[in-house]
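Okay, upload25.cif now, which holds mmCIF, N, CA and C atoms:
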data_start
#
loop_
_atom_site.label_atom_id
_atom_site.label_comp_id
_atom_site.auth_asym_id
_atom_site.auth_seq_id
_atom_site.Cartn_x
_atom_site.Cartn_y
_atom_site.Cartn_z
N MET A 25 -2.01 -12.07 -15.30
CA MET A 25 -1.38 -11.60 -14.08
C MET A 25 -0.56 -12.70 -13.42
N ALA A 26 -0.55 -13.86 -13.97
CA ALA A 26 0.19 -14.96 -13.37
C ALA A 26 1.66 -14.62 -13.24
N GLY A 27 2.23 -15.06 -12.08
CA GLY A 27 3.64 -14.85 -11.86
C GLY A 27 4.00 -13.59 -11.12
N GLY A 28 3.05 -12.72 -10.87
CA GLY A 28 3.34 -11.50 -10.13
C GLY A 28 2.10 -11.00 -9.46
N CYS A 29 2.26 -10.10 -8.50
CA CYS A 29 1.09 -9.66 -7.76
C CYS A 29 0.41 -8.47 -8.43
N GLY A 30 1.05 -7.79 -9.37
CA GLY A 30 0.39 -6.74 -10.14
C GLY A 30 -0.32 -5.70 -9.30
N THR A 31 -1.39 -5.17 -9.85
CA THR A 31 -2.17 -4.14 -9.18
C THR A 31 -3.07 -4.75 -8.12
N VAL A 32 -3.14 -4.11 -6.98
CA VAL A 32 -4.01 -4.58 -5.91
C VAL A 32 -5.44 -4.18 -6.23
N PRO A 33 -6.37 -5.15 -6.32
CA PRO A 33 -7.75 -4.79 -6.61
C PRO A 33 -8.34 -3.93 -5.50
N ARG A 34 -9.26 -3.07 -5.87
CA ARG A 34 -9.92 -2.24 -4.87
C ARG A 34 -11.06 -3.03 -4.22
N VAL A 35 -11.24 -2.79 -2.94
CA VAL A 35 -12.31 -3.42 -2.18
C VAL A 35 -13.09 -2.32 -1.50
N ASN A 36 -14.39 -2.47 -1.46
CA ASN A 36 -15.25 -1.52 -0.77
C ASN A 36 -14.75 -1.36 0.67
N PRO A 37 -14.48 -0.12 1.11
CA PRO A 37 -13.97 0.08 2.47
C PRO A 37 -14.96 -0.35 3.54
N ASP A 38 -16.23 -0.53 3.17
CA ASP A 38 -17.23 -0.98 4.13
C ASP A 38 -17.42 -2.50 4.08
N ALA A 39 -16.56 -3.19 3.34
CA ALA A 39 -16.67 -4.63 3.19
C ALA A 39 -16.42 -5.34 4.51
N SER A 40 -17.06 -6.49 4.65
CA SER A 40 -16.84 -7.31 5.84
C SER A 40 -15.46 -7.98 5.75
N ALA A 41 -15.01 -8.50 6.87
CA ALA A 41 -13.72 -9.20 6.89
C ALA A 41 -13.74 -10.38 5.93
N ASP A 42 -14.86 -11.12 5.86
CA ASP A 42 -14.94 -12.25 4.92
C ASP A 42 -14.84 -11.78 3.48
N GLU A 43 -15.44 -10.65 3.15
CA GLU A 43 -15.35 -10.11 1.79
C GLU A 43 -13.91 -9.71 1.46
N ILE A 44 -13.24 -9.07 2.41
CA ILE A 44 -11.86 -8.66 2.20
C ILE A 44 -10.95 -9.87 2.04
N LEU A 45 -11.14 -10.87 2.91
CA LEU A 45 -10.31 -12.06 2.83
C LEU A 45 -10.63 -12.88 1.58
N GLY A 46 -11.89 -12.93 1.21
CA GLY A 46 -12.27 -13.61 -0.04
C GLY A 46 -11.66 -12.93 -1.24
N ALA A 47 -11.64 -11.61 -1.23
CA ALA A 47 -11.02 -10.86 -2.32
C ALA A 47 -9.51 -11.10 -2.35
N PHE A 48 -8.90 -11.24 -1.18
CA PHE A 48 -7.47 -11.57 -1.12
C PHE A 48 -7.22 -12.94 -1.77
N ALA A 49 -8.08 -13.90 -1.46
CA ALA A 49 -7.92 -15.24 -2.05
C ALA A 49 -8.05 -15.16 -3.58
N ARG A 50 -8.98 -14.34 -4.07
CA ARG A 50 -9.12 -14.16 -5.52
C ARG A 50 -7.88 -13.50 -6.11
N ALA A 51 -7.31 -12.54 -5.39
CA ALA A 51 -6.08 -11.88 -5.86
C ALA A 51 -4.94 -12.88 -5.91
N ALA A 52 -4.87 -13.77 -4.92
CA ALA A 52 -3.83 -14.80 -4.92
C ALA A 52 -4.00 -15.74 -6.11
N ARG A 53 -5.24 -16.10 -6.41
CA ARG A 53 -5.50 -16.95 -7.58
C ARG A 53 -5.12 -16.22 -8.86
N ALA A 54 -5.47 -14.95 -8.96
CA ALA A 54 -5.15 -14.16 -10.15
C ALA A 54 -3.64 -14.02 -10.34
N ALA A 55 -2.91 -14.06 -9.23
CA ALA A 55 -1.45 -13.94 -9.31
C ALA A 55 -0.79 -15.25 -9.71
N GLY A 56 -1.56 -16.34 -9.71
CA GLY A 56 -1.00 -17.61 -10.14
C GLY A 56 -0.97 -18.71 -9.11
N LEU A 57 -1.47 -18.45 -7.91
CA LEU A 57 -1.52 -19.51 -6.90
C LEU A 57 -2.72 -20.43 -7.17
N PRO A 58 -2.62 -21.70 -6.79
CA PRO A 58 -3.68 -22.66 -7.09
C PRO A 58 -4.84 -22.57 -6.09
N VAL A 59 -5.48 -21.44 -6.03
CA VAL A 59 -6.54 -21.20 -5.05
C VAL A 59 -7.88 -21.66 -5.62
N THR A 60 -8.40 -22.71 -5.05
CA THR A 60 -9.69 -23.27 -5.46
C THR A 60 -10.77 -22.77 -4.50
N PRO A 61 -12.04 -22.97 -4.84
CA PRO A 61 -13.10 -22.63 -3.88
C PRO A 61 -12.94 -23.36 -2.54
N ASP A 62 -12.52 -24.64 -2.58
CA ASP A 62 -12.31 -25.38 -1.33
C ASP A 62 -11.19 -24.76 -0.50
N ARG A 63 -10.11 -24.35 -1.16
CA ARG A 63 -9.01 -23.71 -0.43
C ARG A 63 -9.46 -22.37 0.15
N THR A 64 -10.28 -21.64 -0.60
CA THR A 64 -10.78 -20.35 -0.11
C THR A 64 -11.63 -20.57 1.14
N ARG A 65 -12.51 -21.56 1.12
CA ARG A 65 -13.33 -21.86 2.31
C ARG A 65 -12.45 -22.25 3.49
N ALA A 66 -11.43 -23.07 3.24
CA ALA A 66 -10.52 -23.47 4.31
C ALA A 66 -9.79 -22.25 4.87
N PHE A 67 -9.38 -21.34 3.99
CA PHE A 67 -8.71 -20.12 4.43
C PHE A 67 -9.63 -19.27 5.31
N LEU A 68 -10.86 -19.07 4.87
CA LEU A 68 -11.81 -18.26 5.66
C LEU A 68 -12.07 -18.90 7.02
N THR A 69 -12.18 -20.21 7.06
CA THR A 69 -12.39 -20.92 8.32
C THR A 69 -11.18 -20.77 9.24
N ALA A 70 -9.99 -20.95 8.67
CA ALA A 70 -8.76 -20.83 9.46
C ALA A 70 -8.57 -19.40 9.96
N ALA A 71 -8.85 -18.41 9.11
CA ALA A 71 -8.71 -17.01 9.51
C ALA A 71 -9.69 -16.68 10.63
N ALA A 72 -10.89 -17.20 10.55
CA ALA A 72 -11.87 -16.96 11.61
C ALA A 72 -11.40 -17.60 12.92
N ALA A 73 -10.77 -18.77 12.83
CA ALA A 73 -10.31 -19.47 14.03
C ALA A 73 -9.19 -18.71 14.73
N VAL A 74 -8.29 -18.08 13.95
CA VAL A 74 -7.18 -17.34 14.57
C VAL A 74 -7.58 -15.91 14.91
N GLY A 75 -8.63 -15.43 14.28
CA GLY A 75 -9.07 -14.04 14.50
C GLY A 75 -8.72 -13.20 13.29
N VAL A 76 -9.73 -12.69 12.62
CA VAL A 76 -9.49 -11.97 11.37
C VAL A 76 -8.73 -10.66 11.56
N THR A 77 -8.62 -10.18 12.77
CA THR A 77 -7.85 -8.96 13.00
C THR A 77 -6.39 -9.25 13.36
N ASP A 78 -6.03 -10.51 13.45
CA ASP A 78 -4.66 -10.92 13.76
C ASP A 78 -3.90 -11.12 12.45
N ARG A 79 -3.18 -10.10 12.02
CA ARG A 79 -2.48 -10.15 10.73
C ARG A 79 -1.55 -11.35 10.65
N HIS A 80 -0.80 -11.61 11.69
CA HIS A 80 0.12 -12.75 11.71
C HIS A 80 -0.66 -14.06 11.55
N GLY A 81 -1.75 -14.19 12.26
CA GLY A 81 -2.58 -15.38 12.15
C GLY A 81 -3.19 -15.53 10.77
N VAL A 82 -3.67 -14.43 10.20
CA VAL A 82 -4.25 -14.46 8.85
C VAL A 82 -3.18 -14.85 7.83
N TYR A 83 -1.96 -14.34 8.01
CA TYR A 83 -0.86 -14.71 7.12
C TYR A 83 -0.68 -16.23 7.11
N TRP A 84 -0.57 -16.83 8.30
CA TRP A 84 -0.34 -18.26 8.40
C TRP A 84 -1.56 -19.07 7.97
N ALA A 85 -2.75 -18.56 8.24
CA ALA A 85 -3.97 -19.23 7.77
C ALA A 85 -3.94 -19.32 6.24
N GLY A 86 -3.57 -18.24 5.58
CA GLY A 86 -3.49 -18.24 4.13
C GLY A 86 -2.35 -19.07 3.61
N ARG A 87 -1.23 -18.95 4.24
CA ARG A 87 -0.05 -19.70 3.76
C ARG A 87 -0.31 -21.21 3.84
N SER A 88 -1.01 -21.64 4.87
CA SER A 88 -1.24 -23.08 5.04
C SER A 88 -2.39 -23.60 4.19
N THR A 89 -3.26 -22.73 3.70
CA THR A 89 -4.43 -23.20 2.94
C THR A 89 -4.40 -22.79 1.47
N LEU A 90 -3.73 -21.72 1.13
CA LEU A 90 -3.77 -21.20 -0.25
C LEU A 90 -2.57 -21.58 -1.08
N THR A 91 -1.57 -22.21 -0.47
CA THR A 91 -0.40 -22.65 -1.21
C THR A 91 -0.36 -24.18 -1.21
N ALA A 92 0.26 -24.74 -2.23
CA ALA A 92 0.32 -26.20 -2.34
C ALA A 92 1.74 -26.74 -2.44
N GLU A 93 2.68 -25.89 -2.80
CA GLU A 93 4.06 -26.32 -3.02
C GLU A 93 5.02 -25.29 -2.42
N PRO A 94 6.21 -25.71 -2.02
CA PRO A 94 7.19 -24.74 -1.52
C PRO A 94 7.48 -23.62 -2.51
N ASP A 95 7.37 -23.92 -3.80
CA ASP A 95 7.62 -22.90 -4.83
C ASP A 95 6.58 -21.78 -4.80
N HIS A 96 5.45 -22.00 -4.15
CA HIS A 96 4.39 -21.00 -4.10
C HIS A 96 4.62 -19.95 -3.01
N LEU A 97 5.52 -20.22 -2.08
CA LEU A 97 5.63 -19.38 -0.89
C LEU A 97 6.09 -17.96 -1.19
N GLU A 98 7.05 -17.80 -2.08
CA GLU A 98 7.52 -16.46 -2.41
C GLU A 98 6.41 -15.63 -3.05
N LEU A 99 5.67 -16.23 -3.97
CA LEU A 99 4.56 -15.53 -4.60
C LEU A 99 3.48 -15.20 -3.56
N TYR A 100 3.16 -16.15 -2.69
CA TYR A 100 2.19 -15.89 -1.63
C TYR A 100 2.62 -14.69 -0.79
N ASP A 101 3.88 -14.66 -0.39
CA ASP A 101 4.38 -13.53 0.42
C ASP A 101 4.22 -12.20 -0.31
N ARG A 102 4.54 -12.18 -1.61
CA ARG A 102 4.40 -10.94 -2.38
C ARG A 102 2.95 -10.50 -2.47
N VAL A 103 2.05 -11.45 -2.72
CA VAL A 103 0.63 -11.10 -2.82
C VAL A 103 0.12 -10.63 -1.47
N PHE A 104 0.49 -11.31 -0.40
CA PHE A 104 0.03 -10.93 0.94
C PHE A 104 0.48 -9.50 1.27
N GLU A 105 1.75 -9.22 1.05
CA GLU A 105 2.27 -7.88 1.34
C GLU A 105 1.58 -6.82 0.48
N ALA A 106 1.41 -7.11 -0.79
CA ALA A 106 0.75 -6.14 -1.67
C ALA A 106 -0.69 -5.90 -1.23
N TRP A 107 -1.36 -6.96 -0.85
CA TRP A 107 -2.77 -6.84 -0.46
C TRP A 107 -2.93 -6.09 0.85
N PHE A 108 -2.19 -6.49 1.87
CA PHE A 108 -2.40 -5.93 3.20
C PHE A 108 -1.59 -4.67 3.46
N ASP A 109 -0.63 -4.36 2.60
CA ASP A 109 0.10 -3.10 2.72
C ASP A 109 -0.21 -2.17 1.57
N GLY A 110 -1.03 -2.62 0.61
CA GLY A 110 -1.35 -1.85 -0.57
C GLY A 110 -2.62 -1.06 -0.42
N GLU A 111 -3.37 -0.97 -1.50
CA GLU A 111 -4.57 -0.15 -1.55
C GLU A 111 -5.78 -0.79 -0.89
N ALA A 112 -5.75 -2.10 -0.71
CA ALA A 112 -6.89 -2.78 -0.10
C ALA A 112 -6.98 -2.39 1.37
N PRO A 113 -8.18 -2.31 1.92
CA PRO A 113 -8.32 -1.95 3.34
C PRO A 113 -7.64 -2.97 4.23
N ARG A 114 -7.04 -2.52 5.29
CA ARG A 114 -6.44 -3.42 6.27
C ARG A 114 -7.51 -3.94 7.20
N LEU A 115 -7.24 -5.08 7.79
CA LEU A 115 -8.20 -5.64 8.75
C LEU A 115 -8.12 -4.88 10.06
#
Can you turn what I pasted into structure tokens?
Amino acid sequence: MAGGCGTVPRVNPDASADEILGAFARAARAAGLPVTPDRTRAFLTAAAAVGVTDRHGVYWAGRSTLTAEPDHLELYDRVFEAWFDGEAPRL
């Protein structure tokens, strides 16, 4: 799946915000972003700090923690849009 956002994985609609955001981080890694466990923890911490229901804040929390190079930004944007506008539950 590297290089594209592909199919949006399904998430249990009763999942917690951390489960949904963790699944998003896994989807970003599957799409080819360098998402490590440390980056995932940083993302979850940053998302909690801005408020997990703040889509704009969650976007920036992920962009600042799940990407490592300017070349990653376009892919991050595609994965974010697919995840939060696709089949996965919205926050």
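Distance-wise, atom CA of A:Arg102 and atom CA of A:Ala51 end up 11.1 Å apart.
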Please return, as an NGL selection string, all residues of stretch 28-95 of chain A that DSSP assigns to alpha helix (DSSP H) on the basis of the backbone. :A and (41-54 or 61-74 or 79-90)
If you measure from atom CA of A:Tyr100 to atom CA of A:Val76, what distance in Å do you get, rounded to one decimal?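 The value is 17.9 Å.
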Among A:Arg79, A:Trp107, A:Ala71, A:Arg63, A:Phe48 is approached most closely, using only N, CA and C atoms, by A:Trp107
* To do: Could you state which residues are captured by the PyMOL selection byres (((chain A and resi 87-91 and name CA) around 12) and name CA) in this file, as number ranges by chain?
  => A: 45-46, 48-53, 55-71, 80-86, 92-104
Grab the atom CA of A:Ala54 to atom N of A:Ala72 distance for me, in Å with one decimal place.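 So the answer is 21.7 Å.
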